[in-house]
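S.K.: Got input-v4.cif for you, mmCIF, C-alpha atoms:
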data_target
loop_
_atom_site.label_atom_id
_atom_site.label_comp_id
_atom_site.auth_asym_id
_atom_site.auth_seq_id
_atom_site.Cartn_x
_atom_site.Cartn_y
_atom_site.Cartn_z
CA MET A 1 0.00 0.00 0.00
CA LYS A 2 2.79 2.32 0.93
CA THR A 3 4.60 1.50 -2.34
CA LEU A 4 1.42 2.20 -4.23
CA ALA A 5 1.15 5.58 -2.58
CA THR A 6 4.78 6.38 -3.38
CA LEU A 7 4.27 5.20 -6.92
CA SER A 8 1.26 7.39 -7.51
CA LEU A 9 3.08 10.34 -5.96
CA MET A 10 5.94 9.71 -8.35
CA LEU A 11 3.57 9.54 -11.27
CA ILE A 12 2.02 12.82 -10.28
CA SER A 13 5.39 14.52 -10.04
CA ILE A 14 6.44 13.12 -13.41
CA ALA A 15 3.26 14.40 -14.98
CA ALA A 16 3.82 17.81 -13.39
CA HIS A 17 7.09 18.15 -15.30
CA ALA A 18 5.49 18.12 -18.70
CA GLU A 19 3.47 21.32 -18.92
CA THR A 20 1.03 22.47 -21.53
CA PRO A 21 1.40 25.75 -23.45
CA GLN A 22 -1.58 27.05 -21.43
CA GLN A 23 0.23 26.36 -18.16
CA ILE A 24 3.41 28.00 -19.38
CA ARG A 25 1.49 31.04 -20.61
CA GLN A 26 -0.19 31.18 -17.17
CA ILE A 27 3.16 31.15 -15.34
CA TYR A 28 4.32 34.18 -17.34
CA ALA A 29 0.92 35.90 -17.12
CA THR A 30 0.89 35.60 -13.32
CA GLU A 31 4.38 37.06 -13.16
CA ALA A 32 3.35 39.91 -15.48
CA ALA A 33 0.17 40.64 -13.52
CA ALA A 34 2.27 41.15 -10.40
CA GLN A 35 4.03 44.03 -12.15
CA GLN A 36 1.12 45.38 -14.15
CA THR A 37 -2.38 45.11 -12.68
CA GLY A 38 -5.04 43.80 -15.02
CA PHE A 39 -2.53 42.22 -17.41
CA SER A 40 -3.98 39.70 -19.80
CA PRO A 41 -1.96 37.93 -22.54
CA SER A 42 -2.57 39.05 -26.13
CA ALA A 43 -1.74 36.89 -29.15
CA LYS A 44 -1.85 40.08 -31.24
CA ARG A 45 0.94 41.73 -29.23
CA GLY A 46 2.82 38.42 -29.38
CA GLU A 47 2.65 38.51 -33.16
CA THR A 48 3.97 42.08 -33.18
CA LEU A 49 7.00 41.01 -31.14
CA PHE A 50 7.52 38.04 -33.44
CA ARG A 51 7.54 40.26 -36.54
CA GLN A 52 9.34 43.32 -35.22
CA ARG A 53 12.69 44.10 -36.84
CA PHE A 54 15.05 45.09 -34.08
CA ALA A 55 18.05 45.12 -36.46
CA LEU A 56 20.57 45.13 -33.60
CA ASN A 57 22.31 42.03 -34.87
CA ASP A 58 22.77 41.92 -38.64
CA LYS A 59 22.82 38.10 -38.66
CA MET A 60 19.49 37.94 -36.83
CA PRO A 61 17.54 41.21 -37.12
CA ALA A 62 14.24 39.61 -35.98
CA CYS A 63 12.74 36.44 -34.56
CA THR A 64 11.69 35.70 -38.14
CA SER A 65 15.37 35.46 -39.22
CA CYS A 66 15.40 31.86 -38.03
CA HIS A 67 11.73 31.08 -37.43
CA THR A 68 10.57 32.49 -40.84
CA ASP A 69 7.57 34.76 -41.46
CA SER A 70 5.19 31.96 -40.57
CA PRO A 71 5.52 30.18 -37.23
CA LEU A 72 3.66 27.30 -38.85
CA ASN A 73 6.65 26.60 -41.09
CA ALA A 74 9.96 25.02 -40.27
CA GLY A 75 12.76 27.59 -40.20
CA GLN A 76 16.49 27.69 -40.72
CA HIS A 77 19.19 28.94 -38.33
CA SER A 78 20.48 32.14 -39.93
CA VAL A 79 24.14 31.37 -39.17
CA THR A 80 24.53 27.59 -39.20
CA GLY A 81 21.85 26.76 -41.78
CA LYS A 82 20.40 23.98 -39.58
CA SER A 83 16.68 23.46 -39.94
CA VAL A 84 14.56 24.53 -36.96
CA LYS A 85 11.16 22.94 -36.40
CA ALA A 86 8.02 25.10 -36.48
CA LEU A 87 7.31 27.17 -33.34
CA ALA A 88 3.52 27.14 -33.55
CA VAL A 89 1.82 24.53 -31.39
CA ALA A 90 -0.64 23.79 -34.23
CA ALA A 91 2.28 22.63 -36.39
CA ASN A 92 4.49 21.10 -33.70
CA ALA A 93 2.88 19.57 -30.63
CA GLU A 94 6.23 19.39 -28.81
CA ARG A 95 6.42 23.17 -28.38
CA PHE A 96 6.01 24.97 -25.03
CA ALA A 97 6.00 21.75 -23.01
CA ASP A 98 9.08 22.28 -20.84
CA PRO A 99 9.27 25.52 -18.82
CA ALA A 100 13.07 25.32 -18.43
CA LYS A 101 13.55 24.87 -22.17
CA VAL A 102 11.20 27.74 -22.99
CA GLU A 103 12.99 30.00 -20.51
CA LYS A 104 16.41 29.04 -21.88
CA TRP A 105 15.49 29.98 -25.45
CA PHE A 106 13.68 33.20 -24.51
CA GLY A 107 16.82 34.11 -22.57
CA ARG A 108 19.16 33.40 -25.46
CA ASN A 109 17.07 34.67 -28.36
CA CYS A 110 15.76 37.84 -26.67
CA LYS A 111 19.28 38.83 -25.63
CA GLU A 112 20.61 38.35 -29.13
CA VAL A 113 17.71 39.76 -31.15
CA VAL A 114 16.05 42.33 -28.84
CA GLY A 115 19.26 43.22 -27.01
CA ARG A 116 17.76 42.59 -23.56
CA ALA A 117 15.74 40.01 -21.66
CA CYS A 118 12.08 39.82 -22.68
CA THR A 119 9.62 40.80 -19.95
CA PRO A 120 7.16 38.29 -18.47
CA ALA A 121 4.39 40.17 -20.32
CA GLU A 122 6.19 39.80 -23.66
CA LYS A 123 6.74 36.09 -23.00
CA ALA A 124 3.07 35.53 -22.08
CA ASP A 125 2.00 37.34 -25.28
CA PHE A 126 4.46 35.36 -27.39
CA VAL A 127 3.29 32.01 -25.99
CA ALA A 128 -0.33 33.10 -26.55
CA TYR A 129 0.41 33.85 -30.21
CA MET A 130 2.24 30.55 -30.76
CA SER A 131 -0.60 28.62 -29.10
CA GLU A 132 -3.36 30.30 -31.10
CA VAL A 133 -1.91 30.86 -34.59
CA ARG A 134 -3.47 28.53 -37.16
CA MET B 1 40.22 -17.82 -29.49
CA LYS B 2 40.85 -17.08 -33.13
CA ARG B 3 37.40 -15.59 -33.31
CA LEU B 4 38.16 -13.34 -30.36
CA ALA B 5 41.36 -12.13 -32.00
CA LEU B 6 39.42 -11.34 -35.15
CA ILE B 7 36.82 -9.37 -33.23
CA THR B 8 39.53 -7.44 -31.41
CA LEU B 9 41.22 -6.68 -34.70
CA LEU B 10 37.95 -5.51 -36.18
CA GLY B 11 37.41 -3.29 -33.18
CA PHE B 12 40.72 -1.61 -33.85
CA ALA B 13 40.16 -1.34 -37.54
CA LEU B 14 36.74 0.27 -37.16
CA PRO B 15 37.85 3.85 -36.50
CA ALA B 16 39.69 3.70 -39.82
CA PHE B 17 36.37 3.76 -41.68
CA ALA B 18 36.33 7.52 -41.57
CA ASP B 19 32.86 7.79 -43.03
CA ARG B 20 31.01 6.13 -40.11
CA MET B 21 31.00 8.17 -36.92
CA PRO B 22 27.77 7.46 -35.02
CA LEU B 23 27.55 8.91 -31.51
CA PRO B 24 28.67 6.31 -28.96
CA ALA B 25 25.89 4.44 -27.15
CA ASN B 26 26.82 6.10 -23.84
CA THR B 27 26.48 9.64 -25.17
CA PRO B 28 24.94 11.69 -22.35
CA ALA B 29 21.46 13.07 -23.10
CA SER B 30 22.80 16.52 -22.21
CA PHE B 31 25.06 16.50 -25.28
CA LYS B 32 22.06 16.17 -27.59
CA ALA B 33 19.96 18.58 -25.57
CA GLU B 34 22.61 21.32 -25.40
CA CYS B 35 24.78 20.85 -28.48
CA ALA B 36 22.38 19.80 -31.20
CA SER B 37 19.77 22.55 -31.54
CA CYS B 38 21.81 25.15 -33.42
CA HIS B 39 23.79 22.64 -35.45
CA LEU B 40 24.48 18.92 -35.76
CA ALA B 41 25.67 17.05 -32.65
CA TYR B 42 29.18 16.93 -34.13
CA PRO B 43 30.98 13.58 -33.87
CA PRO B 44 33.48 13.96 -31.00
CA ALA B 45 36.19 12.24 -33.06
CA LEU B 46 36.41 15.28 -35.34
CA LEU B 47 38.26 17.47 -32.82
CA ALA B 48 41.17 16.74 -30.50
CA ALA B 49 40.63 16.69 -26.73
CA LYS B 50 42.42 20.00 -26.20
CA ASP B 51 40.21 21.67 -28.81
CA TRP B 52 37.03 20.36 -27.17
CA GLN B 53 38.32 21.70 -23.85
CA ARG B 54 38.82 25.15 -25.41
CA THR B 55 35.36 24.98 -27.01
CA MET B 56 33.73 24.05 -23.70
CA ALA B 57 35.66 26.76 -21.83
CA GLY B 58 34.42 29.43 -24.23
CA LEU B 59 30.69 28.72 -24.45
CA LYS B 60 29.78 32.19 -23.17
CA ASP B 61 30.93 33.68 -26.46
CA HIS B 62 30.47 30.75 -28.80
CA PHE B 63 30.76 32.04 -32.38
CA GLY B 64 28.75 35.10 -31.45
CA THR B 65 26.10 33.27 -29.44
CA ASP B 66 25.71 32.31 -25.78
CA ALA B 67 25.75 28.52 -25.48
CA THR B 68 26.48 28.26 -21.75
CA VAL B 69 25.24 25.28 -19.75
CA ASP B 70 25.27 24.76 -15.99
CA ALA B 71 28.51 23.60 -14.35
CA LYS B 72 27.45 20.00 -13.84
CA THR B 73 26.30 19.63 -17.44
CA ALA B 74 29.48 21.27 -18.72
CA GLN B 75 31.54 18.75 -16.80
CA GLU B 76 29.53 15.83 -18.14
CA ILE B 77 29.76 17.01 -21.76
CA THR B 78 33.47 17.87 -21.51
CA ALA B 79 34.29 14.44 -20.08
CA PHE B 80 32.30 12.75 -22.84
CA LEU B 81 34.02 14.78 -25.58
CA GLU B 82 37.49 14.16 -24.12
CA ARG B 83 36.83 10.43 -23.89
CA ASN B 84 35.81 10.21 -27.54
CA ALA B 85 38.03 12.89 -29.05
CA GLY B 86 40.12 12.37 -32.18
CA ASN B 87 43.86 12.18 -32.61
CA SER B 88 45.31 15.68 -32.93
CA ASP B 89 48.21 14.58 -35.13
CA ARG B 90 45.83 13.11 -37.65
CA LEU B 91 43.31 15.95 -37.54
CA GLY B 92 45.75 18.86 -37.70
CA SER B 93 45.34 22.24 -36.03
CA ALA B 94 41.75 23.42 -35.64
CA GLY B 95 42.57 27.13 -35.27
CA GLU B 96 41.22 29.56 -32.70
CA PRO B 97 38.40 29.26 -31.83
CA PRO B 98 38.64 25.58 -32.75
CA ARG B 99 36.66 24.54 -35.80
CA ILE B 100 36.22 21.05 -37.24
CA THR B 101 35.94 22.78 -40.60
CA GLN B 102 39.44 24.28 -40.22
CA THR B 103 41.28 21.07 -39.48
CA ALA B 104 43.66 19.89 -42.19
CA ARG B 105 41.71 16.64 -42.31
CA PHE B 106 38.41 18.37 -43.07
CA ILE B 107 40.00 20.57 -45.71
CA ARG B 108 41.67 17.57 -47.36
CA LYS B 109 38.43 15.56 -47.46
CA HIS B 110 36.57 18.50 -49.02
CA ARG B 111 39.08 19.81 -51.51
CA GLU B 112 36.80 18.87 -54.41
CA VAL B 113 33.93 21.01 -53.16
CA SER B 114 33.76 24.25 -55.17
CA ALA B 115 33.73 27.76 -53.69
CA LYS B 116 30.31 28.30 -55.29
CA THR B 117 28.93 25.33 -53.36
CA TRP B 118 30.28 26.53 -50.03
CA SER B 119 28.69 29.95 -50.48
CA ASP B 120 25.27 28.72 -51.63
CA PRO B 121 22.51 30.00 -49.31
CA ARG B 122 21.16 26.47 -48.91
CA VAL B 123 24.52 25.41 -47.51
CA LYS B 124 25.27 28.67 -45.69
CA SER B 125 28.22 27.28 -43.77
CA ALA B 126 30.73 24.47 -44.04
CA ALA B 127 29.66 23.60 -40.49
CA ASN B 128 26.19 22.73 -41.86
CA CYS B 129 27.15 19.10 -42.55
CA GLU B 130 23.54 18.07 -43.09
CA ALA B 131 23.21 20.28 -46.15
CA CYS B 132 25.24 17.67 -48.07
CA HIS B 133 25.56 14.61 -45.84
CA ARG B 134 22.00 13.27 -45.60
CA GLY B 135 22.99 10.73 -42.96
CA ALA B 136 25.04 13.12 -40.80
CA ALA B 137 22.59 13.01 -37.90
CA ASN B 138 23.18 9.24 -37.77
CA GLY B 139 26.92 9.68 -38.10
CA SER B 140 27.11 8.61 -41.73
CA PHE B 141 29.41 10.61 -44.00
CA SER B 142 29.77 7.93 -46.66
CA GLU B 143 29.93 8.98 -50.28
CA ARG B 144 26.71 7.11 -51.01
CA GLU B 145 24.87 9.43 -48.69
CA ILE B 146 26.09 12.73 -50.08
CA THR B 147 23.59 14.86 -51.96
CA LEU B 148 24.60 18.41 -52.74
CA PRO B 149 21.71 20.89 -53.01
CA SER B 150 20.37 20.69 -56.56
CA GLY B 151 22.44 22.33 -59.28
CA LEU B 152 25.67 22.27 -57.29
CA LYS B 153 28.76 20.15 -57.51
#
For the file at hand, write its structure as structure tokens.

M.R.:
Amino acid sequence: MKTLATLSLMLISIAAHAETPQQIRQIYATEAAAQQTGFSPSAKRGETLFRQRFALNDKMPACTSCHTDSPLNAGQHSVTGKSVKALAVAANAERFADPAKVEKWFGRNCKEVVGRACTPAEKADFVAYMSEVR
Amino acid sequence: MKRLALITLLGFALPAFADRMPLPANTPASFKAECASCHLAYPPALLAAKDWQRTMAGLKDHFGTDATVDAKTAQEITAFLERNAGNSDRLGSAGEPPRITQTARFIRKHREVSAKTWSDPRVKSAANCEACHRGAANGSFSEREITLPSGLK
């Protein structure tokens, strides 16, 4: 009985590791709401961030430099040429499933393209856009 | 006994087939997770141990990008790369920062590839092995599995 209890606890904690895009959006939205009362994620603002040309780094002026103009399509790394799978959840069910992975790539790509860390609000908007775009 | 000797011999001869370099079975998952999203998980045999050490020590500014990993992961990946590294005498100098594509061995194996091919946007970079070696992700660089992007030679 005790083993069964431990086992089901383990199963629960394993399941808790794999998150859904909704849960990840919610984590960022909660963080954003703490800084900005009444914040609610917007796929439209997420799309604007995705398409904006920051032009700080000539090898990667925008998110679209590697992820292409359509998040539903596979992209190509602008320096190495390696193919990058589609970002949109509708095209790639593996996206936005691991909070640590999502955070790592926001960290890296925002620093290099936007020139600073993205805010929790920007991340919530971006995840909203990637979850909703069809 | 004879059979054993043969197997041992084969084991030694294997690395000589330079076109088969699959990742070893004990490759840590962290190597694929951290070193295979921006480019191929390069076969460790293509750089010497000291060059992998320099690569791993410089991840903060890795060819213009930040590829840092946490200390424990860095240790695990470095140990794996050192264990499976190539022979520096046979590879030749990899330059600074170390590049597989700058080793004498790489240059020799690719001397028939034209400048036009290297600069094609579909290839983009010599480091983009998969643009020409279809089986690169499985460690196959054999001639049978080379397809240059159409119109190139």

S.K.: Skip Arg122 of chain B itself and residues of its chain fewer than 5 positions away, then list as number ranges by chain all residues within 10 Å of it, counting all atoms listed in the file.

M.R.: A: 76, 81-82; B: 117, 128, 131-132, 148-150

S.K.: Measure the distance from atom CA of Pro22 of chain B to atom CA of Gln102 of chain B in Å and round it to one decimal.

M.R.: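 Atom CA of Pro22 of chain B sits 21.1 Å away from atom CA of Gln102 of chain B.
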
S.K.: What is the atom CA of Ala90 of chain A-atom CA of Arg108 of chain A distance in Å, reported with one decimal?

M.R.: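 Those two atoms sit 23.7 Å apart.
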
S.K.: Compute the set of chain A residues within 10 Å of chain B, using all atoms listed in the file, and express it as a PyMOL selection string.

M.R.: chain A and resi 59+76-85+101+104+107-109+111-112

S.K.: For atom CA of Phe141 of chain B and atom CA of Arg20 of chain B, determine how far apart the two atoms are, in Å to one decimal place.

M.R.: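 Those two atoms sit 6.1 Å apart.
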
S.K.: Under the rule that all atoms listed in the file are counted, which of A:Val113, A:Val133, A:Val127, A:Ala121 is the nearest residue to Arg95 of chain A?

M.R.: A:Val127

S.K.: Pull out every residue that the PyMOL selection byres ((chain B and resi 49-61) around 9) matches in the shown coordinates and put them as a PyMOL selection string.

M.R.: chain B and resi 44-45+47-48+62-69+74-75+77-78+81-88+93-99

S.K.: For the residues selected in the previous step, produce a file with C-alpha atoms as an mmCIF file, in the coordinates of the input.

M.R.:
data_model
loop_
_atom_site.group_PDB
_atom_site.id
_atom_site.type_symbol
_atom_site.label_atom_id
_atom_site.label_comp_id
_atom_site.auth_asym_id
_atom_site.auth_seq_id
_atom_site.Cartn_x
_atom_site.Cartn_y
_atom_site.Cartn_z
ATOM 1 C CA PRO B 44 33.480 13.960 -31.000
ATOM 2 C CA ALA B 45 36.190 12.240 -33.060
ATOM 3 C CA LEU B 47 38.260 17.470 -32.820
ATOM 4 C CA ALA B 48 41.170 16.740 -30.500
ATOM 5 C CA HIS B 62 30.470 30.750 -28.800
ATOM 6 C CA PHE B 63 30.760 32.040 -32.380
ATOM 7 C CA GLY B 64 28.750 35.100 -31.450
ATOM 8 C CA THR B 65 26.100 33.270 -29.440
ATOM 9 C CA ASP B 66 25.710 32.310 -25.780
ATOM 10 C CA ALA B 67 25.750 28.520 -25.480
ATOM 11 C CA THR B 68 26.480 28.260 -21.750
ATOM 12 C CA VAL B 69 25.240 25.280 -19.750
ATOM 13 C CA ALA B 74 29.480 21.270 -18.720
ATOM 14 C CA GLN B 75 31.540 18.750 -16.800
ATOM 15 C CA ILE B 77 29.760 17.010 -21.760
ATOM 16 C CA THR B 78 33.470 17.870 -21.510
ATOM 17 C CA LEU B 81 34.020 14.780 -25.580
ATOM 18 C CA GLU B 82 37.490 14.160 -24.120
ATOM 19 C CA ARG B 83 36.830 10.430 -23.890
ATOM 20 C CA ASN B 84 35.810 10.210 -27.540
ATOM 21 C CA ALA B 85 38.030 12.890 -29.050
ATOM 22 C CA GLY B 86 40.120 12.370 -32.180
ATOM 23 C CA ASN B 87 43.860 12.180 -32.610
ATOM 24 C CA SER B 88 45.310 15.680 -32.930
ATOM 25 C CA SER B 93 45.340 22.240 -36.030
ATOM 26 C CA ALA B 94 41.750 23.420 -35.640
ATOM 27 C CA GLY B 95 42.570 27.130 -35.270
ATOM 28 C CA GLU B 96 41.220 29.560 -32.700
ATOM 29 C CA PRO B 97 38.400 29.260 -31.830
ATOM 30 C CA PRO B 98 38.640 25.580 -32.750
ATOM 31 C CA ARG B 99 36.660 24.540 -35.800
#

S.K.: Do a neighbour search on segment 23-31 of chain A at 8 Å with all atoms listed in the file, toss out local chain neighbours closer than 4 positions, and write the hits as a list in words.

M.R.: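 Those residues are Glu19, Gln35, Phe39, Ser40, Pro41, Phe96, Ala97, Pro99, Pro120, Ala121, Lys123, Ala124, Asp125, Val127 and Ala128 of chain A.
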
S.K.: Counting all atoms listed in the file, which residue out of B:Gly92, B:Thr73, B:Thr147, B:Lys153 sits closest to Arg111 of chain B?

M.R.: B:Lys153

S.K.: Would you mind listing what lies within 12 Å of Lys109 of chain B as a list in words, with all atoms listed in the file counted and same-chain residues fewer than 6 positions away left out?

M.R.: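 Once the nearby chain positions are removed, what remains is Ala18, Asp19, Leu91, Ile100, Thr101, Gln102, Thr103, Phe141, Ser142 and Glu143 of chain B.
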
S.K.: Closest to Glu122 of chain A among A:Arg45, A:Gln36, A:Thr20, A:Val102, using all atoms listed in the file?

M.R.: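 Nearest candidate to Glu122 of chain A out of A:Arg45, A:Gln36, A:Thr20, A:Val102: A:Arg45.
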
S.K.: Apply the PyMOL selection byres ((chain B and resi 26) around 12) to the file shown and report the selected residues as a list of chain:residue names.

M.R.: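 Evaluating the PyMOL selection byres ((chain B and resi 26) around 12) on this file yields B:Pro22, B:Leu23, B:Pro24, B:Ala25, B:Thr27, B:Pro28, B:Ala29, B:Ser30, B:Phe31, B:Lys32, B:Glu76, B:Ile77, B:Ala79, B:Phe80, B:Leu81, B:Arg83, B:Asn84.
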